[in-house]
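Here's query-v3.txt, which has compact mmCIF, C-alpha atoms:
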# COMPACT_ATOMS: atom_id res chain seq x y z
CA MET A 74 98.84 138.79 85.46
CA ALA A 75 99.66 135.65 83.47
CA GLY A 76 102.97 135.19 81.71
CA ARG A 77 103.57 133.73 78.25
CA ASN A 78 103.35 130.21 79.63
CA GLY A 79 100.02 130.96 81.32
CA ARG A 80 101.47 130.99 84.83
CA THR A 81 100.53 133.86 87.11
CA VAL A 82 102.68 135.48 89.79
CA ARG A 83 100.60 133.58 92.34
CA ASP A 84 101.43 130.29 90.56
CA LEU A 85 105.11 131.19 90.61
CA ARG A 86 105.09 131.98 94.32
CA ARG A 87 103.22 128.78 95.12
CA GLY A 88 105.70 126.77 93.05
CA ASN A 89 108.65 128.36 94.84
CA ARG A 90 107.11 127.64 98.24
CA THR A 91 106.47 124.05 97.20
CA ALA A 92 110.08 123.60 96.07
CA VAL A 93 111.51 124.94 99.34
CA LEU A 94 109.09 123.02 101.56
CA GLN A 95 109.75 119.73 99.80
CA ARG A 96 113.53 120.07 99.91
CA LEU A 97 113.45 120.95 103.60
CA TYR A 98 111.05 118.10 104.28
CA PHE A 99 112.99 115.36 102.49
CA ASP A 100 116.59 116.60 102.82
CA GLY A 101 116.55 119.06 105.73
CA PRO A 102 117.73 120.63 107.85
CA LEU A 103 119.35 122.84 105.20
CA SER A 104 120.75 126.36 105.16
CA ARG A 105 119.51 129.11 102.86
CA PHE A 106 122.79 128.76 100.98
CA GLU A 107 122.12 125.03 100.35
CA LEU A 108 118.51 125.63 99.35
CA GLY A 109 119.57 127.61 96.27
CA PRO A 110 121.19 124.77 94.29
CA ALA A 111 118.77 122.23 95.79
CA THR A 112 115.72 124.07 94.43
CA GLY A 113 117.18 125.94 91.45
CA LEU A 114 116.01 129.26 92.92
CA SER A 115 118.08 132.43 93.20
CA SER A 116 119.38 133.48 96.62
CA GLY A 117 116.92 136.37 96.63
CA SER A 118 113.96 134.08 95.89
CA VAL A 119 115.08 131.64 98.59
CA SER A 120 115.32 134.45 101.16
CA ASN A 121 111.85 135.75 100.28
CA VAL A 122 110.23 132.31 100.34
CA VAL A 123 111.90 131.33 103.61
CA ALA A 124 110.81 134.61 105.21
CA ASP A 125 107.20 133.91 104.15
CA LEU A 126 107.29 130.33 105.42
CA ILE A 127 108.76 131.38 108.77
CA ALA A 128 106.10 134.07 109.10
CA ASP A 129 103.44 131.41 108.41
CA GLY A 130 104.93 129.16 111.10
CA LEU A 131 105.75 126.39 108.63
CA VAL A 132 109.54 126.64 108.82
CA GLU A 133 111.74 127.08 111.89
CA GLU A 134 115.42 127.35 112.73
CA ALA A 135 117.20 124.11 113.63
CA GLY A 136 120.67 125.11 114.81
CA SER A 137 123.60 126.22 112.72
CA VAL A 138 126.59 124.88 110.83
CA ASP A 139 130.04 126.37 110.29
CA SER A 140 130.72 127.94 106.91
CA ASP A 141 134.03 128.31 105.08
CA GLY A 142 135.57 131.27 106.86
CA GLY A 143 132.34 133.18 107.36
CA ARG A 144 129.59 133.36 109.90
CA PRO A 145 127.83 130.09 110.86
CA ARG A 146 124.89 129.33 108.59
CA THR A 147 121.48 128.90 110.16
CA LEU A 148 119.83 125.58 109.41
CA LEU A 149 116.12 125.43 108.63
CA ARG A 150 113.53 122.66 108.85
CA VAL A 151 109.80 122.20 108.42
CA ALA A 152 108.13 122.86 111.78
CA PRO A 153 106.69 119.47 112.86
CA HIS A 154 103.75 120.91 114.81
CA SER A 155 102.64 123.38 112.15
CA GLY A 156 100.11 120.90 110.79
CA HIS A 157 98.51 117.53 111.48
CA MET A 158 97.10 114.73 109.35
CA ILE A 159 94.95 111.70 110.06
CA GLY A 160 95.54 108.44 108.21
CA VAL A 161 92.93 105.68 108.08
CA ASP A 162 93.43 102.10 106.92
CA VAL A 163 90.14 100.39 106.15
CA GLY A 164 91.71 96.95 106.14
CA GLU A 165 90.42 93.42 105.97
CA THR A 166 90.82 92.62 109.65
CA ARG A 167 90.59 96.03 111.32
CA VAL A 168 90.08 99.76 110.85
CA ARG A 169 93.16 101.65 112.01
CA VAL A 170 93.08 105.43 112.60
CA GLU A 171 96.27 107.39 113.40
CA LEU A 172 97.02 111.06 114.02
CA PHE A 173 100.38 112.42 112.83
CA ASP A 174 102.20 115.72 113.00
CA LEU A 175 103.80 117.20 109.90
CA ALA A 176 106.93 115.08 110.40
CA LEU A 177 104.71 111.96 110.38
CA THR A 178 105.37 111.28 114.04
CA GLU A 179 102.45 109.28 115.42
CA LEU A 180 100.60 111.20 118.13
CA ALA A 181 97.64 108.87 118.75
CA ARG A 182 96.01 105.75 117.34
CA VAL A 183 92.79 103.76 117.55
CA GLU A 184 92.08 100.29 116.17
CA ARG A 185 88.72 98.60 115.67
CA PRO A 186 88.77 94.86 114.86
CA LEU A 187 86.46 93.73 112.06
CA ALA A 188 84.93 90.33 112.70
CA GLN A 189 81.43 89.47 111.53
CA GLN A 190 79.92 91.91 109.03
CA ARG A 191 83.46 93.20 108.54
CA TYR A 192 82.61 94.97 105.30
CA ASP A 193 79.32 96.48 106.44
CA VAL A 194 79.53 100.05 105.17
CA ASP A 195 77.73 101.65 108.11
CA VAL A 196 79.91 99.78 110.63
CA ILE A 197 83.11 100.91 108.93
CA VAL A 198 81.92 104.51 108.57
CA GLY A 199 81.07 104.52 112.28
CA HIS A 200 84.52 103.19 113.19
CA VAL A 201 86.22 105.88 111.11
CA ARG A 202 84.13 108.73 112.53
CA GLU A 203 84.63 107.56 116.11
CA GLY A 204 88.33 106.91 115.55
CA VAL A 205 88.90 110.41 114.17
CA ALA A 206 87.23 111.97 117.21
CA GLU A 207 89.16 109.72 119.61
CA VAL A 208 92.66 110.38 118.25
CA LEU A 209 92.05 114.13 118.23
CA ALA A 210 90.86 114.01 121.85
CA ALA A 211 93.75 111.77 122.93
CA ALA A 212 96.35 114.16 121.50
CA GLY A 213 94.54 117.35 122.48
CA THR A 214 94.53 118.48 118.83
CA GLU A 215 91.87 120.85 117.55
CA PRO A 216 90.10 119.73 114.36
CA ASP A 217 90.93 122.98 112.57
CA GLN A 218 94.64 122.10 112.86
CA LEU A 219 94.16 119.24 110.41
CA LEU A 220 95.40 119.43 106.84
CA GLY A 221 92.97 116.65 106.07
CA VAL A 222 92.04 113.00 106.57
CA GLY A 223 93.44 110.36 104.22
CA VAL A 224 91.62 107.04 103.90
CA GLY A 225 92.94 103.87 102.26
CA VAL A 226 90.22 101.44 101.14
CA PRO A 227 89.92 98.20 99.18
CA GLY A 228 88.55 98.57 95.67
CA ILE A 229 88.49 101.13 92.88
CA VAL A 230 88.01 104.77 93.90
CA GLU A 231 86.17 107.02 91.47
CA ARG A 232 86.17 110.78 91.99
CA THR A 233 82.95 112.40 90.86
CA ALA A 234 81.93 116.05 90.72
CA ASP A 235 78.52 115.45 92.25
CA ARG A 236 79.12 112.62 94.75
CA GLY A 237 82.71 113.03 95.91
CA ALA A 238 84.81 109.86 96.27
CA VAL A 239 82.84 106.72 95.37
CA VAL A 240 84.22 103.24 96.08
CA HIS A 241 83.62 100.23 93.83
CA GLY A 242 84.67 97.25 95.96
CA GLN A 243 83.36 94.20 94.14
CA THR A 244 85.24 91.72 96.34
CA ILE A 245 83.72 93.16 99.51
CA GLY A 246 80.24 93.86 98.24
CA TRP A 247 80.62 97.64 97.89
CA ASP A 248 78.74 98.82 94.82
CA ALA A 249 79.32 102.54 94.15
CA VAL A 250 79.47 103.42 97.85
CA PRO A 251 79.57 107.25 98.29
CA LEU A 252 82.14 106.96 101.06
CA GLU A 253 83.12 110.63 101.21
CA ALA A 254 79.49 111.67 101.60
CA LEU A 255 78.90 109.04 104.29
CA LEU A 256 81.96 110.13 106.27
CA ARG A 257 80.88 113.76 105.99
CA SER A 258 77.42 113.02 107.33
CA GLY A 259 77.75 113.28 111.10
CA SER A 260 81.50 113.92 110.90
CA PRO A 261 83.23 115.30 114.01
CA LEU A 262 85.23 117.60 111.73
CA PRO A 263 84.43 121.04 110.32
CA ASP A 264 83.05 120.90 106.79
CA ALA A 265 86.15 122.66 105.46
CA VAL A 266 88.57 119.86 106.49
CA PRO A 267 89.05 117.76 103.33
CA TYR A 268 88.90 113.96 103.01
CA PHE A 269 91.29 112.21 100.59
CA ILE A 270 90.15 108.68 99.74
CA ASP A 271 92.22 106.25 97.66
CA ASN A 272 92.99 102.58 97.14
CA GLY A 273 94.92 101.00 100.04
CA ALA A 274 97.59 99.52 97.76
CA LYS A 275 98.25 103.00 96.40
CA THR A 276 98.62 104.51 99.87
CA LEU A 277 100.99 101.66 100.80
CA GLY A 278 102.98 102.38 97.65
CA GLN A 279 103.15 106.09 98.38
CA ALA A 280 104.48 105.44 101.89
CA GLU A 281 107.16 103.01 100.73
CA MET A 282 108.26 105.34 97.92
CA TRP A 283 108.50 108.39 100.21
CA PHE A 284 109.99 106.83 103.32
CA GLY A 285 110.57 103.10 102.86
CA ALA A 286 112.23 100.57 100.60
CA GLY A 287 111.19 102.40 97.44
CA ARG A 288 113.19 105.58 98.05
CA GLY A 289 115.43 106.39 95.10
CA ALA A 290 113.65 104.09 92.63
CA ARG A 291 112.13 105.58 89.47
CA ASN A 292 110.10 102.49 88.54
CA ALA A 293 108.63 100.26 91.23
CA VAL A 294 105.66 98.06 92.05
CA VAL A 295 104.48 97.85 95.64
CA VAL A 296 102.34 94.81 96.45
CA LEU A 297 99.71 94.75 99.18
CA PHE A 298 99.40 91.14 100.35
CA GLY A 299 96.62 90.69 102.90
CA SER A 300 93.35 88.75 102.75
CA GLY A 301 93.51 89.54 99.05
CA VAL A 302 96.25 91.02 96.90
CA GLY A 303 96.65 94.35 95.13
CA ALA A 304 99.46 96.48 93.76
CA CYS A 305 100.55 100.04 93.10
CA LEU A 306 102.60 100.97 90.04
CA VAL A 307 105.00 103.93 90.29
CA THR A 308 106.78 105.30 87.20
CA PRO A 309 108.10 108.74 86.20
CA GLU A 310 104.83 109.22 84.31
CA VAL A 311 102.74 108.14 87.32
CA GLU A 312 104.81 109.76 90.07
CA HIS A 313 102.23 109.36 92.84
CA GLY A 314 101.38 105.82 91.82
CA ARG A 315 98.43 104.08 90.22
CA ALA A 316 96.51 101.27 91.87
CA VAL A 317 96.18 98.20 89.65
CA GLU A 318 93.74 95.34 90.29
CA TRP A 319 96.57 92.83 90.05
CA GLY A 320 94.77 90.30 92.24
CA HIS A 321 92.19 89.80 89.52
CA LEU A 322 94.50 88.72 86.74
CA THR A 323 93.44 85.27 85.56
CA VAL A 324 96.16 82.77 86.47
CA ARG A 325 94.17 79.59 85.90
CA VAL A 326 91.38 79.18 83.36
CA ARG A 327 88.25 77.74 85.02
CA GLY A 328 90.12 77.75 88.31
CA ARG A 329 88.97 78.44 91.86
CA ARG A 330 86.19 80.97 92.31
CA CYS A 331 87.49 84.30 93.54
CA ARG A 332 85.52 86.41 95.99
CA CYS A 333 84.98 88.87 93.10
CA GLY A 334 82.88 86.15 91.44
CA ALA A 335 85.26 85.29 88.58
CA LEU A 336 87.17 82.02 88.17
CA GLY A 337 90.93 81.59 88.41
CA CYS A 338 91.99 85.01 89.76
CA LEU A 339 95.41 85.33 91.39
CA GLU A 340 93.65 86.38 94.60
CA ALA A 341 91.83 83.03 94.68
CA TYR A 342 95.25 81.36 95.14
CA ALA A 343 97.61 83.95 96.64
CA GLY A 344 95.49 85.90 99.15
CA ALA A 345 95.63 84.92 102.83
CA GLU A 346 91.90 84.15 102.84
CA SER A 347 92.25 81.63 100.00
CA LEU A 348 95.53 80.29 101.40
CA LEU A 349 93.81 79.37 104.68
CA SER A 350 90.78 77.98 102.83
CA ARG A 351 93.01 75.68 100.76
CA TRP A 352 94.80 74.47 103.89
CA ARG A 353 91.43 73.65 105.44
CA GLU A 354 90.21 71.89 102.27
CA GLU A 355 93.35 69.72 102.19
CA GLY A 356 92.79 68.57 105.77
CA GLY A 357 94.61 71.26 107.71
CA ARG A 358 93.17 72.54 110.97
CA PRO A 359 93.37 76.31 111.46
CA PRO A 360 92.44 77.38 114.99
CA ALA A 361 88.68 77.73 115.32
CA ASP A 362 87.06 81.13 115.90
CA THR A 363 90.22 83.15 115.24
CA ASP A 364 90.93 86.00 112.87
CA GLU A 365 92.97 85.53 109.70
CA GLU A 366 96.17 86.93 111.19
CA THR A 367 96.10 84.43 114.08
CA ALA A 368 95.21 81.57 111.74
CA LEU A 369 98.06 82.44 109.36
CA THR A 370 100.50 82.54 112.28
CA ALA A 371 99.33 79.03 113.24
CA MET A 372 99.77 77.82 109.67
CA LEU A 373 103.33 79.15 109.52
CA ALA A 374 104.13 77.50 112.86
CA ALA A 375 102.75 74.22 111.53
CA ALA A 376 104.74 74.42 108.29
CA TYR A 377 107.95 75.65 109.91
CA PRO A 378 107.99 74.22 113.46
CA ALA A 379 110.59 74.93 116.09
CA GLU A 380 113.75 72.85 115.96
CA GLY A 381 112.95 69.19 116.54
CA GLY A 382 109.26 69.51 115.61
CA ALA A 383 107.58 67.75 112.70
CA ALA A 384 106.39 69.97 109.87
CA ASP A 385 102.78 69.75 108.73
CA PRO A 386 103.21 68.53 105.11
CA VAL A 387 99.81 69.91 104.05
CA ALA A 388 100.55 73.43 105.35
CA LEU A 389 104.01 73.30 103.77
CA ALA A 390 102.62 72.20 100.39
CA VAL A 391 99.93 74.89 100.35
CA LEU A 392 102.48 77.58 101.23
CA GLU A 393 104.82 76.37 98.50
CA GLU A 394 101.99 76.42 95.96
CA THR A 395 101.01 79.91 97.09
CA ALA A 396 104.62 81.06 96.64
CA GLU A 397 104.54 79.73 93.08
CA TYR A 398 101.29 81.51 92.25
CA LEU A 399 102.57 84.73 93.80
CA GLY A 400 105.87 84.43 91.92
CA ALA A 401 104.03 83.80 88.66
CA GLY A 402 101.85 86.86 89.35
CA LEU A 403 104.97 88.96 89.96
CA SER A 404 106.40 87.73 86.66
CA ASP A 405 103.44 89.37 84.90
CA LEU A 406 104.31 92.67 86.60
CA ILE A 407 107.97 92.23 85.62
CA ASN A 408 107.16 91.51 81.98
CA LEU A 409 104.57 94.30 81.70
CA PHE A 410 106.29 97.14 83.56
CA GLN A 411 109.98 96.16 83.93
CA PRO A 412 110.29 97.75 87.40
CA GLU A 413 113.55 98.32 89.25
CA ARG A 414 112.00 97.07 92.50
CA ILE A 415 109.03 95.02 93.64
CA LEU A 416 108.21 95.50 97.30
CA ILE A 417 105.87 93.20 99.21
CA GLY A 418 103.91 94.68 102.12
CA GLY A 419 100.60 94.13 103.88
CA TRP A 420 100.05 92.15 107.05
CA ALA A 421 100.19 88.74 105.35
CA GLY A 422 103.24 89.60 103.27
CA LEU A 423 105.07 90.78 106.37
CA GLN A 424 104.03 87.70 108.37
CA LEU A 425 105.27 85.35 105.68
CA GLY A 426 108.36 87.50 105.44
CA SER A 427 111.78 86.11 104.80
CA ARG A 428 110.62 82.47 104.93
CA PHE A 429 108.44 83.02 101.89
CA LEU A 430 110.59 85.43 99.93
CA PRO A 431 113.29 83.09 98.51
CA ALA A 432 110.65 80.83 96.94
CA VAL A 433 108.71 83.80 95.54
CA ARG A 434 111.88 85.22 93.98
CA ARG A 435 112.76 81.84 92.48
CA TYR A 436 109.35 81.39 90.87
CA ALA A 437 109.22 84.99 89.63
CA ALA A 438 112.55 84.49 87.86
CA THR A 439 111.35 81.16 86.40
CA TYR A 440 108.19 82.62 84.86
CA ALA A 441 109.45 86.07 83.81
CA LEU A 442 111.46 87.05 80.76
CA ARG A 443 115.15 86.77 81.57
CA HIS A 444 116.26 90.34 80.78
CA PRO A 445 113.79 92.27 82.99
CA ALA A 446 113.95 89.55 85.67
CA GLU A 447 117.72 90.06 86.00
CA LYS A 448 117.24 93.77 86.64
CA VAL A 449 114.49 93.69 89.29
CA VAL A 450 115.00 93.48 93.05
CA ILE A 451 112.17 91.75 94.96
CA ASP A 452 112.12 92.60 98.65
CA LEU A 453 109.85 93.28 101.62
CA GLY A 454 108.56 96.73 102.47
CA ARG A 455 110.24 98.45 105.42
CA LEU A 456 107.43 100.37 107.04
CA GLY A 457 105.65 97.52 108.78
CA PRO A 458 101.93 97.05 109.38
CA ASP A 459 101.27 100.80 109.63
CA ALA A 460 102.38 101.52 106.06
CA VAL A 461 98.86 101.89 104.61
CA THR A 462 97.93 104.33 107.39
CA VAL A 463 101.11 106.35 106.88
CA GLY A 464 100.45 106.43 103.14
CA ALA A 465 96.88 107.58 103.75
CA ALA A 466 98.20 110.46 105.89
CA ILE A 467 100.56 111.38 103.05
CA LEU A 468 97.56 112.14 100.80
CA PRO A 469 96.66 115.42 102.59
CA LEU A 470 100.37 116.14 103.12
CA ALA A 471 101.11 115.85 99.39
CA ASP A 472 98.17 118.13 98.64
CA PHE A 473 99.49 120.62 101.21
CA PHE A 474 102.88 120.69 99.47
CA THR A 475 101.27 121.07 96.05
CA ARG A 476 99.46 124.15 97.35
CA GLY A 477 102.74 125.65 98.54
CA GLY A 478 101.92 125.13 102.20
CA HIS A 479 98.42 126.57 102.00
CA ARG A 480 95.56 124.57 103.45
CA ALA A 481 92.77 123.25 101.26
CA ARG A 482 89.64 124.99 102.42
CA PRO A 483 86.75 124.24 100.05
CA ALA A 484 83.66 126.30 100.71
CA ALA A 485 81.19 124.17 102.64
CA GLU A 486 78.21 125.60 100.79
CA ASP A 487 79.74 124.47 97.47
CA ARG A 488 80.12 120.86 98.58
CA LEU A 489 77.35 120.03 101.02
CA PRO A 490 74.49 119.89 98.49
CA ALA A 491 76.38 117.25 96.49
CA TRP A 492 77.00 115.15 99.62
CA ARG A 493 73.37 115.38 100.60
CA ALA A 494 72.36 114.31 97.09
CA ALA A 495 74.72 111.33 97.28
CA LEU A 496 73.19 110.26 100.58
CA ALA A 497 69.69 110.73 99.21
CA ASP A 498 70.52 108.34 96.36
CA ARG A 499 71.49 105.70 98.94
CA ALA A 500 68.39 106.12 101.11
CA PRO A 501 65.75 103.36 100.91
CA HIS A 502 62.72 104.18 98.75
Go through the file and emit its structure as structure tokens.
Amino acid sequence: MAGRNGRTVRDLRRGNRTAVLQRLYFDGPLSRFELGPATGLSSGSVSNVVADLIADGLVEEAGSVDSDGGRPRTLLRVAPHSGHMIGVDVGETRVRVELFDLALTELARVERPLAQQRYDVDVIVGHVREGVAEVLAAAGTEPDQLLGVGVGVPGIVERTADRGAVVHGQTIGWDAVPLEALLRSGSPLPDAVPYFIDNGAKTLGQAEMWFGAGRGARNAVVVLFGSGVGACLVTPEVEHGRAVEWGHLTVRVRGRRCRCGALGCLEAYAGAESLLSRWREEGGRPPADTDEETALTAMLAAAYPAEGGAADPVALAVLEETAEYLGAGLSDLINLFQPERILIGGWAGLQLGSRFLPAVRRYAATYALRHPAEKVVIDLGRLGPDAVTVGAAILPLADFFTRGGHRARPAAEDRLPAWRAALADRAPH
């Protein structure tokens, strides 16, 4: 029966379960007594919800704590092994697949380097499928224990009723790729295990906001700085974040050609790919036949040599110019969104690290309006190179919480015809 606000008893129970699970997850272990004020639920509601969650195996006892003059209070926590998630980072240099328990402890991982044909759709789909099967086998985890598979990808993700998640990745040559359907075809997982596909900058942002340098901030921008650049905006109105194609803001009219095809994009100056290209064009010598991460390491070593060494003036000048472009790009985010924090992550951002950050901060302050610039903190993300993968794993975890700890189990017969249709559209005629 629905109440005056349209909510049913089932909705109410699910909401109560969600409230208890989330408080235990982020602030636990907690006692039943502490859960009342933390969730706003009555003691009776807390007792009923906790009993249900313990019966479902989602919550377990975690010791006890003394109370004021009474019996010790039992502490409760979310049971780490009551569910598992897989996170996938379809990056620019590799595909990384990791298996986590409910506490986001890594149980297994697989990495596949991407060299030539690095954005070939079939190659990437094969890496993801194989990686999922391998991490499950390595950890001895059954597929039906999964809450889902989260996948972070470059580009814009469109969710369609008939084709599932479709990726528009103009910079990598992906034109309306039905990625969910492709992953489902030949998947090692049961049809009922859901896939959650989203932009990699958004998954990075979600990870940093939940567990990293963004915790406690209401307004933040998390920047993914790799071969290209992207960003995720988090505000009270967009609690789970929104990916923004920040790398394709025009920073120089009739400037360098970006890999998206346009002229003068920020990514054409601030991405690692363009940074290395500009070093090469100015006479620098990146190591031959190496990946971008190795080449960027060499460039940093050339620009900032060990004590007593001579700096490469070309590498140093290109890095300084890149810092200015990146700072100017951040000033746009500051002026538009007035965030409390801007966090820089991604493999290139972390490699450049503290050497790069003072110059970026200086240029951001120079180009931004003074009032919002004085209020923002620009820093590095804290979760390291695995942040996109962790954030991808959070996608099924967040859905699990929203459902009150119930697994998403879409009927296979409802979804398979749409996937088959999506694949048929892609087949050669």
(request) Work out how far apart atom CA of A:Arg169 and atom CA of A:Arg182 are and give it in Å to one decimal. (result)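 Calculated distance between atom CA of A:Arg169 and atom CA of A:Arg182 is 7.3 Å.
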(request) Calculate how many Å separate atom CA of A:Thr462 from atom CA of A:Val161, rounding to one decimal. (result)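 Distance reported for this atom pair: 5.2 Å.
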(request) List the neighbours of stretch 422-430 of chain A out to 12 Å using only C-alpha atoms; skip same-chain residues closer than 5 positions along the sequence, and give me the result as an NGL selection string. (result) :A and (295-303 or 343-345 or 348 or 365-374 or 376-377 or 389 or 391-397 or 399-400 or 403 or 415-417 or 435-437 or 450-460)
Limited to C-alpha atoms, could you put the picked residues into a file as a JSON list (two decimals), keeping the file's coordinate frame?
[["chain", "number", "residue", "atom", "x", "y", "z"],
["A", 295, "VAL", "CA", 104.48, 97.85, 95.64],
["A", 296, "VAL", "CA", 102.34, 94.81, 96.45],
["A", 297, "LEU", "CA", 99.71, 94.75, 99.18],
["A", 298, "PHE", "CA", 99.40, 91.14, 100.35],
["A", 299, "GLY", "CA", 96.62, 90.69, 102.90],
["A", 300, "SER", "CA", 93.35, 88.75, 102.75],
["A", 301, "GLY", "CA", 93.51, 89.54, 99.05],
["A", 302, "VAL", "CA", 96.25, 91.02, 96.90],
["A", 303, "GLY", "CA", 96.65, 94.35, 95.13],
["A", 343, "ALA", "CA", 97.61, 83.95, 96.64],
["A", 344, "GLY", "CA", 95.49, 85.90, 99.15],
["A", 345, "ALA", "CA", 95.63, 84.92, 102.83],
["A", 348, "LEU", "CA", 95.53, 80.29, 101.40],
["A", 365, "GLU", "CA", 92.97, 85.53, 109.70],
["A", 366, "GLU", "CA", 96.17, 86.93, 111.19],
["A", 367, "THR", "CA", 96.10, 84.43, 114.08],
["A", 368, "ALA", "CA", 95.21, 81.57, 111.74],
["A", 369, "LEU", "CA", 98.06, 82.44, 109.36],
["A", 370, "THR", "CA", 100.50, 82.54, 112.28],
["A", 371, "ALA", "CA", 99.33, 79.03, 113.24],
["A", 372, "MET", "CA", 99.77, 77.82, 109.67],
["A", 373, "LEU", "CA", 103.33, 79.15, 109.52],
["A", 374, "ALA", "CA", 104.13, 77.50, 112.86],
["A", 376, "ALA", "CA", 104.74, 74.42, 108.29],
["A", 377, "TYR", "CA", 107.95, 75.65, 109.91],
["A", 389, "LEU", "CA", 104.01, 73.30, 103.77],
["A", 391, "VAL", "CA", 99.93, 74.89, 100.35],
["A", 392, "LEU", "CA", 102.48, 77.58, 101.23],
["A", 393, "GLU", "CA", 104.82, 76.37, 98.50],
["A", 394, "GLU", "CA", 101.99, 76.42, 95.96],
["A", 395, "THR", "CA", 101.01, 79.91, 97.09],
["A", 396, "ALA", "CA", 104.62, 81.06, 96.64],
["A", 397, "GLU", "CA", 104.54, 79.73, 93.08],
["A", 399, "LEU", "CA", 102.57, 84.73, 93.80],
["A", 400, "GLY", "CA", 105.87, 84.43, 91.92],
["A", 403, "LEU", "CA", 104.97, 88.96, 89.96],
["A", 415, "ILE", "CA", 109.03, 95.02, 93.64],
["A", 416, "LEU", "CA", 108.21, 95.50, 97.30],
["A", 417, "ILE", "CA", 105.87, 93.20, 99.21],
["A", 435, "ARG", "CA", 112.76, 81.84, 92.48],
["A", 436, "TYR", "CA", 109.35, 81.39, 90.87],
["A", 437, "ALA", "CA", 109.22, 84.99, 89.63],
["A", 450, "VAL", "CA", 115.00, 93.48, 93.05],
["A", 451, "ILE", "CA", 112.17, 91.75, 94.96],
["A", 452, "ASP", "CA", 112.12, 92.60, 98.65],
["A", 453, "LEU", "CA", 109.85, 93.28, 101.62],
["A", 454, "GLY", "CA", 108.56, 96.73, 102.47],
["A", 455, "ARG", "CA", 110.24, 98.45, 105.42],
["A", 456, "LEU", "CA", 107.43, 100.37, 107.04],
["A", 457, "GLY", "CA", 105.65, 97.52, 108.78],
["A", 458, "PRO", "CA", 101.93, 97.05, 109.38],
["A", 459, "ASP", "CA", 101.27, 100.80, 109.63],
["A", 460, "ALA", "CA", 102.38, 101.52, 106.06]]
Residues of stretch 190-211 of chain A at most 9 Å from stretch 234-248 of chain A: nearest atom pair and distance in Å, all atoms listed in the file, as a Markdown table:
| residue | atom | partner | partner_atom | distance |
| --- | --- | --- | --- | --- |
| A:Tyr192 | CA | A:Ile245 | CA | 6.2 |
| A:Asp193 | CA | A:Gly246 | CA | 8.7 |
| A:Val194 | CA | A:Trp247 | CA | 7.7 |
(message) Can you measure atom CA of A:Leu114 to atom CA of A:Asn89 for me? One decimal in Å is fine.
(response)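 Going from atom CA of A:Leu114 over to atom CA of A:Asn89 covers 7.7 Å.
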(request) Quick one: residues within 6 Å of (108.6, 99.8, 89.6) (file frame), counting all atoms listed in the file, please, as an MDAnalysis selection string. (result) chainID A and resid 292:294 307 412:414
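Of the residues listed (A:Asp129, A:Arg291, A:Gly356, A:Val82), A:Asp129 shows the shortest atom-to-atom separation from A:His479; distances use only C-alpha atoms.
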So which residues fall inside 10 Å of (88.4, 85.3, 93.7) if we count all atoms listed in the file? Mind giving them as a short mmCIF file (atom, residue, chain, number, x, y, z; two decimals) with C-alpha atoms, in the frame of the given file?
data_model
loop_
_atom_site.label_atom_id
_atom_site.label_comp_id
_atom_site.auth_asym_id
_atom_site.auth_seq_id
_atom_site.Cartn_x
_atom_site.Cartn_y
_atom_site.Cartn_z
CA THR A 244 85.24 91.72 96.34
CA GLY A 301 93.51 89.54 99.05
CA GLY A 320 94.77 90.30 92.24
CA HIS A 321 92.19 89.80 89.52
CA LEU A 322 94.50 88.72 86.74
CA THR A 323 93.44 85.27 85.56
CA GLY A 328 90.12 77.75 88.31
CA ARG A 329 88.97 78.44 91.86
CA ARG A 330 86.19 80.97 92.31
CA CYS A 331 87.49 84.30 93.54
CA ARG A 332 85.52 86.41 95.99
CA CYS A 333 84.98 88.87 93.10
CA GLY A 334 82.88 86.15 91.44
CA ALA A 335 85.26 85.29 88.58
CA LEU A 336 87.17 82.02 88.17
CA GLY A 337 90.93 81.59 88.41
CA CYS A 338 91.99 85.01 89.76
CA LEU A 339 95.41 85.33 91.39
CA GLU A 340 93.65 86.38 94.60
CA ALA A 341 91.83 83.03 94.68
CA TYR A 342 95.25 81.36 95.14
CA ALA A 343 97.61 83.95 96.64
CA GLY A 344 95.49 85.90 99.15
CA GLU A 346 91.90 84.15 102.84
CA SER A 347 92.25 81.63 100.00
#
For stretch 378-388 of chain A: contacts at 7 Å, only C-alpha atoms, fewer than 5 positions along chain excluded, given as a PDB file with C-alpha atoms, in the frame of the given file:
ATOM      1  CA  TRP A 352      94.800  74.470 103.890  1.00  0.00           C
ATOM      2  CA  GLU A 355      93.350  69.720 102.190  1.00  0.00           C
ATOM      3  CA  GLY A 357      94.610  71.260 107.710  1.00  0.00           C
ATOM      4  CA  MET A 372      99.770  77.820 109.670  1.00  0.00           C
TER       5      MET A 372
END
Could you build a table of the residues in stretch 184-245 of chain A lying no more than 9 Å from stretch 252-267 of chain A, giving for each the nearest pair of atoms and their separation in Å rounded to one decimal place, using all atoms listed in the file, ordered by chain and ascending residue number, as CSV?
residue,atom,partner,partner_atom,distance
A:Val194,CA,A:Leu252,CA,8.5
A:Asp195,CA,A:Leu255,CA,8.4
A:Val198,CA,A:Leu256,CA,6.1
A:Gly199,CA,A:Leu256,CA,8.3
A:Val201,CA,A:Leu256,CA,7.7
A:Arg202,CA,A:Ser260,CA,6.0
A:Glu203,CA,A:Pro261,CA,8.1
A:Val205,CA,A:Pro261,CA,7.5
A:Ala206,CA,A:Pro261,CA,6.1
A:Pro216,CA,A:Leu262,CA,5.9
A:Asp217,CA,A:Pro263,CA,7.1
A:Leu219,CA,A:Val266,CA,6.9
A:Leu220,CA,A:Val266,CA,6.9
A:Gly221,CA,A:Pro267,CA,4.9
A:Val222,CA,A:Pro267,CA,6.5
A:Gly223,CA,A:Pro267,CA,8.7
A:Arg236,CA,A:Ala254,CA,6.9
A:Gly237,CA,A:Glu253,CA,5.8
A:Ala238,CA,A:Glu253,CA,5.3
A:Val239,CA,A:Leu252,CA,5.7
A:Val240,CA,A:Leu252,CA,6.6
